[in-house]
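These notes are about the structure you will find just below.
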Amino acid sequence: MAVEIDPAPPVPGPGTGTRSLTDRLNSIARHDFPASIVVFLVALPLSLGIAVASGAPVAAGLIAAVIGGIVVGLIGGSTLQVSGPAAGLTVVVAESISQFGWRTTCFIVVAAGVLQILFGLSRIARAALAVAPVVVHAMLAGIGVTIALQQMHVLLGGSSHSSAWNNIIELPGQLLDLHGGGVFVGGVVIAIMLGWRYVPAQIRVVPGPLVAVVAATVLSLLLPTGAERIVLDGSLFDAIGLPEIPDGGWSAVALMVLTIALIASVESLLSAVAVDKMHNGPRTNFDRELVGQGSANVLSGLVGGLPVTGVIVRSATNVQAGARSRTSAVLHGVWILLFSVALAGLVQQIPLAALAGLLIVIGIQLVKLAHIRLARRTGDLMVYAVTIGGVVFLNLLEGVVIGLVLAFALLLWRVVRVAIVARPIPASRRWLVTIDGSCTFLALPKLSGELAKVPVDADVTVEMTVDFLDHAAFEALSEWVRQQENHGGSVEFVEIGSARMADASSGPPARGFGRAMFDEVLGPWQRDGRERRDPITAGVAAYHRSHAHVVRPHLDELRDHQDPDSFFLTCADSRVVPNVITNSGPGDLFTVRNVGNLVPEQGDVSVEAALTFALEKLNVRSVVVCGHSSCGAMAALHRGDHEQMGQTGIGTWLAHAQPSLDRFHLGHPVARAAAAAGFGEVDQLGMVNVAVQLETLHRHPSVRAAIAERGVTVSGLFFDIATARVIEVTVDGLAHIADEHPTPELV
């Protein structure tokens, strides 16, 4: 039992605790206000670039940024996520505009928003997170490749084509007819974006995209580049217009609505998950987040804006800039609105090539080497590559569907596959057959092939680590067992997994969850108040069935001798299991047990004989005394029962512990340490008793000789039953034995 130490106060996070209005205003002024400026500076050029790449009016990107920041910031479920137009929907929106026109696309955005709200109200938001991450990563990478291919033509002074294939085959011709001024402007943006991470941290406070676009714009004004610039048709308010209801093709419209709703939802939720990992504040309410995203899309589509999603680039910037609440996201939307209304003329000075360079870098950055390496490590590289190919050369929805189908097929293959190996055991006529995985009718060809390798008269151990066993596989195994036995062989089943032969014909097959072996090993320990029937016999049967074969090779090596490492003296209490608490196996401990784990200095030949034999014949390398909590012997000693019992067997035996009781009453240092750690008096006495037995052992002639000649160690342990922890006891104190998850040290 460890000393209780108050946990450290939590790291302040967004939304932590109840604060006064003054505290909140101070926090906004110190953290959220400056963070909103940084996010605004990042979001502005990205919103313009995404609008241009989508083929939508430039103002549509600004409208979506304003609405995403304010609406989702106010009612969304993520405290620090920032929403706006996202590169992930660029390809879809461009396809929608090409197929239906801009105003109908706005209607589709409204309908997608309504669908997102329904998703949120239905409380199915977390289901979107069930999409295989490799498919999402590949989808974003495919979008990035598509954007880069499109914008490469814009950078070179041309215009993008309708498909990725056309963009690729037309690229050589575009290179021969490039526009030098546009290439220079776009190259400046790309160089600044790629090199910004290497500039001093003090300068990187200013967002790289803003620096790149401003520098390119200034150079295009100072030098005769002839670069084409952004055109705004009137003010931001002039761009506001109602959507147009489609006049036909409703199946195609419905498919586009579903595509935008699903992609926007998945991207927003995945972004929210990533943002949650960056701060210590409240976690995202995913259903509320979808309602917020859907509401923003409804409003954005109604007034002529692009689709809105949670954007990881802006959100990460928001967290890194020190934001503490939703106010930062809302304010960033306000700053974009003010800029778009008051400084629209500045927007029209930005060269299209500058935004093309910006989008090329963004597209390339969507292809993350970390995701490729992860897919390779997890065996999902084929899914990643096929999904990218589908997104780039077909379309986004078809690419994602193909990726999901392939990922599901790969998952199914991994789940149902089984490893079966039959091999002879060296220096024996016995064979070992291992079956690991899900044993179904799909495994019958492999199962029959491996079983055919086994001689018909051989003795066989079948080791089954199986979590699913259907009737077809059960029948095949049963028939093979019958054939083996008919030819004079024998078959022993060792069933480590949760699926059992005995259960295969009693009902429909069911998948287990891997606890079978633990249940069999630990089952005898677990008491539920019911009468147990013949536990020793049942335990022996379970031992033979589940893990006798595991210890058999080790025991075979010890058949003619023993070489224990330690002499282990502990109490006879049934709750103390030496090999379990020391993580040791057969042959490791030379164990002696008696009531109270005592080492009598005279009057008992049992401990004397065992100790001398262990030290002088077995040459053990350590001597250990182990006491435990709630010890009946120590409780009787503490109450003085041994004095009342007189010369009875228990009274005589407990008299050997009188020195421990005397040292306890005198205030032994171990007792003080145990009291400070929160142990009761009986347990304090138990620890003192261990320390006193250590002192007795140090006076023993055989122990002293072994220490001097061979460096034998003498140590004490105390097993705290309530916490299942083992504490080291010395002659003058206590200490925890370190593990992977250390607790506070004892006093």
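Scheme for the structure tokens: letters A, B, ... for chains in order shown; per-chain residue numbers from 1; ligand numbers from 1 in order shown.
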
Problem set entry | Filtered DSSP result for range 244-315 of chain A, state alpha helix (DSSP H), as number ranges by chain | A: 250-276, 286-302, 312-315

Problem set entry | Shell around range 363-375 of chain A at 8 Å using only C-alpha atoms, local window under 6 positions removed, as a ChimeraX atom specification | /A:87,134,137-138,140-148,381,384

N, CA and C atoms of the current selection, written as a PDB file, in the first residue's frame:
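Resulting contents of again_30.pdb:
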```pdb
ATOM      1  N   ALA A  87      -9.093  22.397 -48.664  1.00  0.00           N
ATOM      2  CA  ALA A  87      -8.532  21.850 -49.897  1.00  0.00           C
ATOM      3  C   ALA A  87      -9.086  20.463 -50.188  1.00  0.00           C
ATOM      4  N   VAL A 134      -6.186   4.602 -43.357  1.00  0.00           N
ATOM      5  CA  VAL A 134      -5.351   4.571 -44.556  1.00  0.00           C
ATOM      6  C   VAL A 134      -6.124   5.091 -45.761  1.00  0.00           C
ATOM      7  N   HIS A 137      -6.226   8.937 -45.361  1.00  0.00           N
ATOM      8  CA  HIS A 137      -4.916   9.498 -45.704  1.00  0.00           C
ATOM      9  C   HIS A 137      -4.696   9.472 -47.217  1.00  0.00           C
ATOM     10  N   ALA A 138      -5.072   8.352 -47.850  1.00  0.00           N
ATOM     11  CA  ALA A 138      -4.891   8.242 -49.297  1.00  0.00           C
ATOM     12  C   ALA A 138      -5.828   9.186 -50.039  1.00  0.00           C
ATOM     13  N   LEU A 140      -6.869  12.139 -49.010  1.00  0.00           N
ATOM     14  CA  LEU A 140      -6.277  13.480 -48.935  1.00  0.00           C
ATOM     15  C   LEU A 140      -5.050  13.584 -49.843  1.00  0.00           C
ATOM     16  N   ALA A 141      -4.250  12.511 -49.887  1.00  0.00           N
ATOM     17  CA  ALA A 141      -3.085  12.531 -50.766  1.00  0.00           C
ATOM     18  C   ALA A 141      -3.506  12.608 -52.226  1.00  0.00           C
ATOM     19  N   GLY A 142      -4.553  11.862 -52.608  1.00  0.00           N
ATOM     20  CA  GLY A 142      -5.053  11.925 -53.976  1.00  0.00           C
ATOM     21  C   GLY A 142      -5.572  13.306 -54.329  1.00  0.00           C
ATOM     22  N   ILE A 143      -6.258  13.939 -53.380  1.00  0.00           N
ATOM     23  CA  ILE A 143      -6.718  15.312 -53.597  1.00  0.00           C
ATOM     24  C   ILE A 143      -5.528  16.238 -53.775  1.00  0.00           C
ATOM     25  N   GLY A 144      -4.503  16.036 -52.952  1.00  0.00           N
ATOM     26  CA  GLY A 144      -3.304  16.869 -53.063  1.00  0.00           C
ATOM     27  C   GLY A 144      -2.634  16.731 -54.415  1.00  0.00           C
ATOM     28  N   VAL A 145      -2.511  15.493 -54.909  1.00  0.00           N
ATOM     29  CA  VAL A 145      -1.908  15.273 -56.229  1.00  0.00           C
ATOM     30  C   VAL A 145      -2.741  15.947 -57.313  1.00  0.00           C
ATOM     31  N   THR A 146      -4.065  15.817 -57.225  1.00  0.00           N
ATOM     32  CA  THR A 146      -4.951  16.423 -58.223  1.00  0.00           C
ATOM     33  C   THR A 146      -4.816  17.940 -58.232  1.00  0.00           C
ATOM     34  N   ILE A 147      -4.801  18.539 -57.037  1.00  0.00           N
ATOM     35  CA  ILE A 147      -4.661  19.996 -56.946  1.00  0.00           C
ATOM     36  C   ILE A 147      -3.327  20.438 -57.539  1.00  0.00           C
ATOM     37  N   ALA A 148      -2.249  19.722 -57.188  1.00  0.00           N
ATOM     38  CA  ALA A 148      -0.925  20.102 -57.686  1.00  0.00           C
ATOM     39  C   ALA A 148      -0.862  20.020 -59.208  1.00  0.00           C
ATOM     40  N   LEU A 381      -0.115  -0.698 -47.723  1.00  0.00           N
ATOM     41  CA  LEU A 381       0.418   0.143 -48.790  1.00  0.00           C
ATOM     42  C   LEU A 381      -0.370  -0.026 -50.089  1.00  0.00           C
ATOM     43  N   TYR A 384      -3.446   2.050 -49.875  1.00  0.00           N
ATOM     44  CA  TYR A 384      -3.078   3.461 -50.024  1.00  0.00           C
ATOM     45  C   TYR A 384      -2.870   3.809 -51.493  1.00  0.00           C
TER      46      TYR A 384
END
```

Exercise. Please, what distance in Å, to one decimal, runs between CA of Leu442 in chain A and CA of Ala473 in chain A?
Worked result: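 About the pair CA of Leu442 in chain A and CA of Ala473 in chain A: they are 8.8 Å apart.
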
For this session: Pick out each residue of range 522-679 of chain A that DSSP on the backbone tags as strand (DSSP E); I need them as number ranges by chain.
Result: A: 566-571, 589-594, 622-628
